Structure formats: structure tokens, C-alpha cells
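One structure below.
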Amino acid sequence: MELLNFNDLLRSHPYPGRGIMLGKSADGAKAVVVYFIMGRSENSRNRIFEATEDGIRTRAFDESKMVDPSLIIYHPVRKVGDTLVVTNGDQTDTIRDSLLEGKNYIEALRTRCYEPDGPNYSPPASPGVVEKDGAFCLSILKSADGDPSCNHRYFYEYDAPLSGEGRFIHTYQENLDPLPSFEGEPRRVAISAPDAQTLAKEVWENLNEDNKVSLYVSYIDLSSGQADTVIINKHQ
């Protein structure tokens, strides 16, 4: 699979929806986590990321403008022991609860399917499950080309991520109406930024100005577990 330029991918796609990129820094010392959200409606754009004790959550920037919180307010990132769970919806809590019960993320996601937002039936690009040693998993749950009568689940596991590389998965393949789901394997992308601040700046600059909402980037030291995290919100 071709090694792609992450910034070029972002710049060429005006509305990938919600995106997750997981990988390892070029020096091989840190796990890299990127999560962003975008929005086309006023309701989706009226959000910020807020740090919590175990990760982050989304919340309304202006509570008076919130219409329907059901699919846009959730905890995208939560830490469970030494495992970091990253998803683009409340699947984070489903996976967290499963891990706390001694089960695994696949068992958790077999209880879930695409989102009930017809005609898009958006796929939850989840999970990003990042382990202490940097190994990670990604998956996607989606309808059969927009047909809600059939649910498809795809799981991708990366036991020994290569230094300077990541895998990127996002909600929508193209900016059409209705929005078609992501297709194929997670994209293989290069990671050259030496730290979270540099990568966050690059990603934010290359996300579509009209549609970008919030960004989370974290570099996690694989030896100490110490995380260097950056959050950027369009509504500061």
C-alpha cells in the first residue's frame, strides 16, 4: 500500500466528516493519536472539545443553539487502564464498558451498527484502541452501500506499527449527497512531525476552513505513558 501524505489527503477532501489517525512517531518512541470532527450544519458546527479526567468530550459551544445532541455529544477519547479508546461516537462508552467487564473491543462492537441518520447511515469509524506498547486497532461499521437492511463490520489490527507511519480512517468517502461511507482499508500515511504541537498545527491548517470544528492530537511516550496533548477548537 502506498505511503501517502496526510496533509495532502486532508487538503483534497472538503468534508471527510470525523477522522481518526493512529500510528507511531518517526523516532519510534511515541504512539500518535489524531481525532477531528467537522460539520456542515449549524448544529454540528456548534461544538468544542473539552478535556476530561480520562480523555475528552464534545459539548455545545452555545447551548441555546443545540437542536439534537444524540449523535454529536459524546466522549471521543477515554482511557481504560493502559488502553486508550478513540471513536467518533458513543461507541467509546460501549468499548470502555466491555473492557471493564473483561471482554474485548470486537465483542463490544458486535452490539453496534451504523448510525441512524438516513439517508447517509454514517459509519462509526471506530475504534481506535491504542495499547500500552503502541499496537492499535481500527474498525468501521457501515450499511451495505446505503442499504440499512444489512450491516457490515470491518476490523483492522496493527500489532507492531512502523515508526513514522500511521493509519487514517474517516467517515465519508466523498462530499456528496447522500454522503457515501468510507471505502477500503485505512489509508497508510507518513508521520514526520516531531511533536503534538507541530502535527496539530499541520492538520488544522489543512482541514477545510468552512467545515472544520475541533481537533485532538496526542503523542504518548511508550516508555513512561506520559502524553503530550493538544486540543484546538474553531470556537475558542
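To be explicit about the labels: the chains of the C-alpha cells are called A, B, and onward in the order shown, and within each one the residues are counted from 1, while ligands get numbers from 1 in the order they are shown.
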Closest atom pairs, residues of region 131-194 of chain A within 10 Å of region 24-27 of chain A, only C-alpha atoms, as CSV:
```
residue,atom,partner,partner_atom,distance
A:Gly134,CA,A:Lys24,CA,7.1
A:Ala135,CA,A:Lys24,CA,9.1
A:Phe136,CA,A:Lys24,CA,10.0
A:Ala160,CA,A:Lys24,CA,9.5
A:Pro161,CA,A:Lys24,CA,6.4
A:Leu162,CA,A:Lys24,CA,6.6
A:Ser163,CA,A:Ala26,CA,4.9
A:Gly164,CA,A:Ala26,CA,3.7
A:Glu165,CA,A:Lys24,CA,5.9
A:Gly166,CA,A:Lys24,CA,6.4
A:Arg167,CA,A:Lys24,CA,9.7
A:Ala190,CA,A:Ala26,CA,8.7
A:Ile191,CA,A:Ser25,CA,6.2
A:Ser192,CA,A:Ala26,CA,5.8
A:Ala193,CA,A:Ser25,CA,7.6
A:Pro194,CA,A:Ser25,CA,7.1
```
All residues 12 Å or closer to region 4-6 of chain A, only C-alpha atoms, same chain fewer than 4 positions away omitted, as an MDAnalysis selection string: chainID A and resid 10:13 19:23 34 164:169 186:193 199:200 202:207
Write down as a PyMOL selection string the residues of region 68-224 of chain A whose backbone DSSP state falls under alpha helix (DSSP H). chain A and resi 91-100+105-109+196-206
Got a sec to tell me which of region 57-129 of chain A DSSP assigns to strand (DSSP E), as a ChimeraX atom specification? /A:57-60,77-80,83-86,128-129
Excluding Asp82 (chain A) and residues on its chain fewer than 6 positions from it, collect all residues at most 12 Å away from it, counting only C-alpha atoms, and give them as an MDAnalysis selection string. chainID A and resid 54 96 99:100 129:135 220 222 224:226
Dump as a short mmCIF file (atom, residue, chain, number, x, y, z; two decimals), in the first residue's frame, selection limited to all heavy atoms:
```
data_model
loop_
_atom_site.label_atom_id
_atom_site.label_comp_id
_atom_site.auth_asym_id
_atom_site.auth_seq_id
_atom_site.Cartn_x
_atom_site.Cartn_y
_atom_site.Cartn_z
N ASP A 54 -10.44 11.45 31.96
CA ASP A 54 -9.93 10.27 31.26
C ASP A 54 -9.82 10.46 29.75
O ASP A 54 -9.58 9.51 29.02
CB ASP A 54 -10.81 9.05 31.55
CG ASP A 54 -12.24 9.21 31.05
OD1 ASP A 54 -12.62 10.34 30.67
OD2 ASP A 54 -12.98 8.21 31.04
N ARG A 96 -15.47 0.90 26.27
CA ARG A 96 -14.96 1.04 27.64
C ARG A 96 -15.66 0.08 28.58
O ARG A 96 -15.02 -0.63 29.37
CB ARG A 96 -15.16 2.47 28.13
CG ARG A 96 -14.69 2.72 29.56
CD ARG A 96 -15.38 3.90 30.19
NE ARG A 96 -16.83 3.73 30.21
CZ ARG A 96 -17.68 4.59 30.75
NH1 ARG A 96 -17.22 5.71 31.30
NH2 ARG A 96 -18.97 4.38 30.73
N LEU A 99 -14.45 -3.48 28.02
CA LEU A 99 -13.12 -3.72 28.57
C LEU A 99 -13.15 -3.86 30.08
O LEU A 99 -12.46 -4.70 30.66
CB LEU A 99 -12.18 -2.59 28.16
CG LEU A 99 -11.87 -2.45 26.66
CD1 LEU A 99 -10.98 -1.24 26.41
CD2 LEU A 99 -11.23 -3.71 26.11
N LEU A 100 -13.97 -3.05 30.73
CA LEU A 100 -14.08 -3.12 32.19
C LEU A 100 -14.71 -4.45 32.64
O LEU A 100 -14.47 -4.90 33.77
CB LEU A 100 -14.91 -1.95 32.71
CG LEU A 100 -14.24 -0.57 32.61
CD1 LEU A 100 -15.22 0.53 33.03
CD2 LEU A 100 -12.98 -0.51 33.48
N VAL A 129 -8.32 1.72 19.21
CA VAL A 129 -7.90 1.19 20.51
C VAL A 129 -6.38 1.13 20.48
O VAL A 129 -5.80 0.41 19.68
CB VAL A 129 -8.49 -0.21 20.77
CG1 VAL A 129 -7.91 -0.80 22.04
CG2 VAL A 129 -10.01 -0.12 20.89
N VAL A 130 -5.74 1.92 21.35
CA VAL A 130 -4.29 2.00 21.39
C VAL A 130 -3.80 1.35 22.67
O VAL A 130 -4.21 1.73 23.77
CB VAL A 130 -3.80 3.46 21.33
CG1 VAL A 130 -2.28 3.51 21.27
CG2 VAL A 130 -4.41 4.19 20.14
N GLU A 131 -2.92 0.35 22.52
CA GLU A 131 -2.39 -0.36 23.68
C GLU A 131 -1.12 0.30 24.20
O GLU A 131 -0.52 1.16 23.54
CB GLU A 131 -2.13 -1.82 23.32
CG GLU A 131 -3.35 -2.57 22.80
CD GLU A 131 -4.46 -2.73 23.83
OE1 GLU A 131 -4.22 -2.45 25.02
OE2 GLU A 131 -5.56 -3.14 23.44
N LYS A 132 -0.67 -0.13 25.37
CA LYS A 132 0.49 0.46 26.04
C LYS A 132 1.74 0.38 25.19
O LYS A 132 2.59 1.28 25.22
CB LYS A 132 0.71 -0.25 27.37
CG LYS A 132 1.82 0.34 28.22
CD LYS A 132 1.94 -0.39 29.55
CE LYS A 132 3.04 0.23 30.42
NZ LYS A 132 3.16 -0.49 31.73
N ASP A 133 1.89 -0.69 24.39
CA ASP A 133 3.09 -0.87 23.57
C ASP A 133 2.99 -0.19 22.21
O ASP A 133 3.90 -0.31 21.38
CB ASP A 133 3.40 -2.35 23.39
CG ASP A 133 2.29 -3.11 22.65
OD1 ASP A 133 1.26 -2.47 22.32
OD2 ASP A 133 2.44 -4.32 22.43
N GLY A 134 1.88 0.51 21.95
CA GLY A 134 1.70 1.22 20.69
C GLY A 134 0.90 0.47 19.65
O GLY A 134 0.52 1.03 18.63
N ALA A 135 0.66 -0.84 19.88
CA ALA A 135 -0.20 -1.59 18.97
C ALA A 135 -1.59 -0.95 18.96
O ALA A 135 -2.05 -0.43 19.98
CB ALA A 135 -0.29 -3.04 19.41
N ILE A 220 2.05 9.97 22.84
CA ILE A 220 2.13 9.24 24.10
C ILE A 220 3.46 8.50 24.16
O ILE A 220 3.74 7.62 23.34
CB ILE A 220 0.97 8.24 24.23
CG1 ILE A 220 -0.37 8.97 24.05
CG2 ILE A 220 1.01 7.53 25.57
CD1 ILE A 220 -1.56 8.04 23.85
N LEU A 222 5.96 5.83 24.84
CA LEU A 222 5.74 4.40 25.03
C LEU A 222 6.48 3.84 26.24
O LEU A 222 6.15 2.76 26.73
CB LEU A 222 6.14 3.64 23.77
CG LEU A 222 5.31 3.95 22.53
CD1 LEU A 222 5.87 3.24 21.31
CD2 LEU A 222 3.86 3.55 22.74
N SER A 224 7.13 5.83 29.27
CA SER A 224 6.58 6.38 30.51
C SER A 224 5.07 6.47 30.53
O SER A 224 4.46 6.57 31.60
CB SER A 224 7.16 7.78 30.74
OG SER A 224 6.68 8.68 29.75
N GLY A 225 4.44 6.45 29.35
CA GLY A 225 3.00 6.64 29.27
C GLY A 225 2.59 8.10 29.34
O GLY A 225 1.39 8.42 29.25
N GLN A 226 3.55 9.00 29.47
CA GLN A 226 3.26 10.43 29.55
C GLN A 226 2.74 10.92 28.20
O GLN A 226 3.32 10.63 27.15
CB GLN A 226 4.52 11.20 29.93
CG GLN A 226 4.31 12.68 30.19
CD GLN A 226 3.52 12.96 31.45
OE1 GLN A 226 3.59 12.19 32.40
NE2 GLN A 226 2.76 14.04 31.45
#
```
Excluding region 36-46 of chain A and any residue of its chain fewer than 3 positions from it, enumerate the residues within 7 Å of it, using only C-alpha atoms, and give them as a VMD selection string. chain A and resid 17 to 20 60 to 62 66 to 67 72 211 to 216
Closest of A:Arg57, A:Lys79, A:His170, A:Lys201 to Lys142 (chain A) - atom-to-atom distances counting only C-alpha atoms: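 Nearest to Lys142 (chain A): A:His170.
CA of Arg78 (chain A) sits 12.3 Å away from CA of Val33 (chain A).
Excluding Pro148 (chain A) itself and any same-chain residue fewer than 2 positions from it, the protein and nucleic acid residues within 9 Å of it, counting only C-alpha atoms, are Tyr114, Pro116, Gly118, Pro119, Tyr121, Lys142, Ser143, Ala144, Asp145, Gly146, Cys150 and Asn151 of chain A.
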Give me a file of those residues, with all heavy atoms, as a PDB file, in the first residue's frame.
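The result, stored in again.pdb:
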```pdb
ATOM      1  N   TYR A 114     -24.173   0.898  12.075  1.00  0.00           N
ATOM      2  CA  TYR A 114     -24.114   2.254  11.538  1.00  0.00           C
ATOM      3  C   TYR A 114     -25.059   3.174  12.313  1.00  0.00           C
ATOM      4  O   TYR A 114     -25.956   2.726  13.045  1.00  0.00           O
ATOM      5  CB  TYR A 114     -24.490   2.244  10.051  1.00  0.00           C
ATOM      6  CG  TYR A 114     -25.797   1.524   9.796  1.00  0.00           C
ATOM      7  CD1 TYR A 114     -27.014   2.150  10.015  1.00  0.00           C
ATOM      8  CD2 TYR A 114     -25.800   0.196   9.394  1.00  0.00           C
ATOM      9  CE1 TYR A 114     -28.205   1.491   9.824  1.00  0.00           C
ATOM     10  CE2 TYR A 114     -26.997  -0.479   9.191  1.00  0.00           C
ATOM     11  CZ  TYR A 114     -28.185   0.175   9.409  1.00  0.00           C
ATOM     12  OH  TYR A 114     -29.375  -0.491   9.241  1.00  0.00           O
ATOM     13  N   PRO A 116     -28.120   5.920  12.922  1.00  0.00           N
ATOM     14  CA  PRO A 116     -29.478   6.042  12.367  1.00  0.00           C
ATOM     15  C   PRO A 116     -29.744   7.417  11.765  1.00  0.00           C
ATOM     16  O   PRO A 116     -30.720   8.096  12.133  1.00  0.00           O
ATOM     17  CB  PRO A 116     -30.355   5.789  13.595  1.00  0.00           C
ATOM     18  CG  PRO A 116     -29.553   6.324  14.731  1.00  0.00           C
ATOM     19  CD  PRO A 116     -28.113   6.007  14.394  1.00  0.00           C
ATOM     20  N   GLY A 118     -30.291   8.239   8.362  1.00  0.00           N
ATOM     21  CA  GLY A 118     -30.628   8.092   6.955  1.00  0.00           C
ATOM     22  C   GLY A 118     -30.863   9.440   6.293  1.00  0.00           C
ATOM     23  O   GLY A 118     -31.331  10.381   6.932  1.00  0.00           O
ATOM     24  N   PRO A 119     -30.550   9.581   4.984  1.00  0.00           N
ATOM     25  CA  PRO A 119     -30.112   8.517   4.073  1.00  0.00           C
ATOM     26  C   PRO A 119     -28.619   8.222   4.100  1.00  0.00           C
ATOM     27  O   PRO A 119     -28.144   7.391   3.334  1.00  0.00           O
ATOM     28  CB  PRO A 119     -30.503   9.070   2.700  1.00  0.00           C
ATOM     29  CG  PRO A 119     -30.287  10.547   2.851  1.00  0.00           C
ATOM     30  CD  PRO A 119     -30.711  10.871   4.266  1.00  0.00           C
ATOM     31  N   TYR A 121     -26.714   7.043   6.797  1.00  0.00           N
ATOM     32  CA  TYR A 121     -26.361   5.884   7.617  1.00  0.00           C
ATOM     33  C   TYR A 121     -24.853   5.885   7.867  1.00  0.00           C
ATOM     34  O   TYR A 121     -24.125   4.972   7.490  1.00  0.00           O
ATOM     35  CB  TYR A 121     -26.823   4.574   6.975  1.00  0.00           C
ATOM     36  CG  TYR A 121     -28.328   4.552   6.776  1.00  0.00           C
ATOM     37  CD1 TYR A 121     -28.906   4.688   5.519  1.00  0.00           C
ATOM     38  CD2 TYR A 121     -29.171   4.447   7.879  1.00  0.00           C
ATOM     39  CE1 TYR A 121     -30.281   4.710   5.356  1.00  0.00           C
ATOM     40  CE2 TYR A 121     -30.552   4.465   7.729  1.00  0.00           C
ATOM     41  CZ  TYR A 121     -31.100   4.592   6.468  1.00  0.00           C
ATOM     42  OH  TYR A 121     -32.470   4.619   6.314  1.00  0.00           O
ATOM     43  N   LYS A 142     -20.648  -0.136   8.853  1.00  0.00           N
ATOM     44  CA  LYS A 142     -21.403   0.657   7.891  1.00  0.00           C
ATOM     45  C   LYS A 142     -22.497  -0.165   7.227  1.00  0.00           C
ATOM     46  O   LYS A 142     -22.475  -1.404   7.258  1.00  0.00           O
ATOM     47  CB  LYS A 142     -20.468   1.244   6.838  1.00  0.00           C
ATOM     48  CG  LYS A 142     -19.724   0.219   5.985  1.00  0.00           C
ATOM     49  CD  LYS A 142     -18.813   0.940   4.995  1.00  0.00           C
ATOM     50  CE  LYS A 142     -18.144  -0.020   4.047  1.00  0.00           C
ATOM     51  NZ  LYS A 142     -17.308   0.686   3.038  1.00  0.00           N
ATOM     52  N   SER A 143     -23.429   0.539   6.616  1.00  0.00           N
ATOM     53  CA  SER A 143     -24.507  -0.116   5.890  1.00  0.00           C
ATOM     54  C   SER A 143     -23.984  -0.652   4.563  1.00  0.00           C
ATOM     55  O   SER A 143     -22.885  -0.310   4.125  1.00  0.00           O
ATOM     56  CB  SER A 143     -25.658   0.865   5.633  1.00  0.00           C
ATOM     57  OG  SER A 143     -25.213   1.927   4.800  1.00  0.00           O
ATOM     58  N   ALA A 144     -24.772  -1.474   3.899  1.00  0.00           N
ATOM     59  CA  ALA A 144     -24.394  -2.050   2.611  1.00  0.00           C
ATOM     60  C   ALA A 144     -24.654  -1.023   1.508  1.00  0.00           C
ATOM     61  O   ALA A 144     -25.734  -0.993   0.915  1.00  0.00           O
ATOM     62  CB  ALA A 144     -25.174  -3.334   2.353  1.00  0.00           C
ATOM     63  N   ASP A 145     -23.666  -0.149   1.292  1.00  0.00           N
ATOM     64  CA  ASP A 145     -23.792   0.900   0.271  1.00  0.00           C
ATOM     65  C   ASP A 145     -25.067   1.718   0.441  1.00  0.00           C
ATOM     66  O   ASP A 145     -25.790   1.999  -0.521  1.00  0.00           O
ATOM     67  CB  ASP A 145     -23.739   0.298  -1.132  1.00  0.00           C
ATOM     68  CG  ASP A 145     -22.390  -0.319  -1.451  1.00  0.00           C
ATOM     69  OD1 ASP A 145     -21.375   0.244  -1.005  1.00  0.00           O
ATOM     70  OD2 ASP A 145     -22.353  -1.361  -2.132  1.00  0.00           O
ATOM     71  N   GLY A 146     -25.357   2.071   1.694  1.00  0.00           N
ATOM     72  CA  GLY A 146     -26.520   2.892   1.986  1.00  0.00           C
ATOM     73  C   GLY A 146     -27.799   2.130   2.239  1.00  0.00           C
ATOM     74  O   GLY A 146     -28.831   2.731   2.550  1.00  0.00           O
ATOM     75  N   CYS A 150     -28.697  -4.185   5.906  1.00  0.00           N
ATOM     76  CA  CYS A 150     -27.517  -5.027   6.110  1.00  0.00           C
ATOM     77  C   CYS A 150     -26.399  -4.202   6.732  1.00  0.00           C
ATOM     78  O   CYS A 150     -26.088  -3.113   6.243  1.00  0.00           O
ATOM     79  CB  CYS A 150     -27.056  -5.635   4.787  1.00  0.00           C
ATOM     80  SG  CYS A 150     -25.635  -6.747   4.949  1.00  0.00           S
ATOM     81  N   ASN A 151     -25.800  -4.719   7.798  1.00  0.00           N
ATOM     82  CA  ASN A 151     -24.700  -4.039   8.475  1.00  0.00           C
ATOM     83  C   ASN A 151     -23.385  -4.766   8.182  1.00  0.00           C
ATOM     84  O   ASN A 151     -23.316  -5.989   8.256  1.00  0.00           O
ATOM     85  CB  ASN A 151     -24.948  -4.020   9.989  1.00  0.00           C
ATOM     86  CG  ASN A 151     -23.879  -3.251  10.727  1.00  0.00           C
ATOM     87  OD1 ASN A 151     -23.660  -2.071  10.475  1.00  0.00           O
ATOM     88  ND2 ASN A 151     -23.189  -3.908  11.643  1.00  0.00           N
TER      89      ASN A 151
END
```
Residue with smallest distance to Ile232 (chain A) - pool A:Met1, A:Tyr35, A:Asp8, A:Lys30, counting only C-alpha atoms: A:Tyr35
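Nearest to Val77 (chain A) of all the residues A:Ala51, A:Ala29, A:Val230, A:Cys137 is A:Ala51, counting only C-alpha atoms.
From CA of Val80 (chain A) back to CA of Thr58 (chain A), the distance works out to 18.5 Å.
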List the spatial neighbours of Leu141 (chain A) as a ChimeraX atom specification - criterion: any atom at most 12 Å away, only C-alpha atoms, same-chain residues fewer than 3 positions off excluded. /A:87-89,91,106,109-115,121-127,138,144-146,148,150-156,169-171,181-183
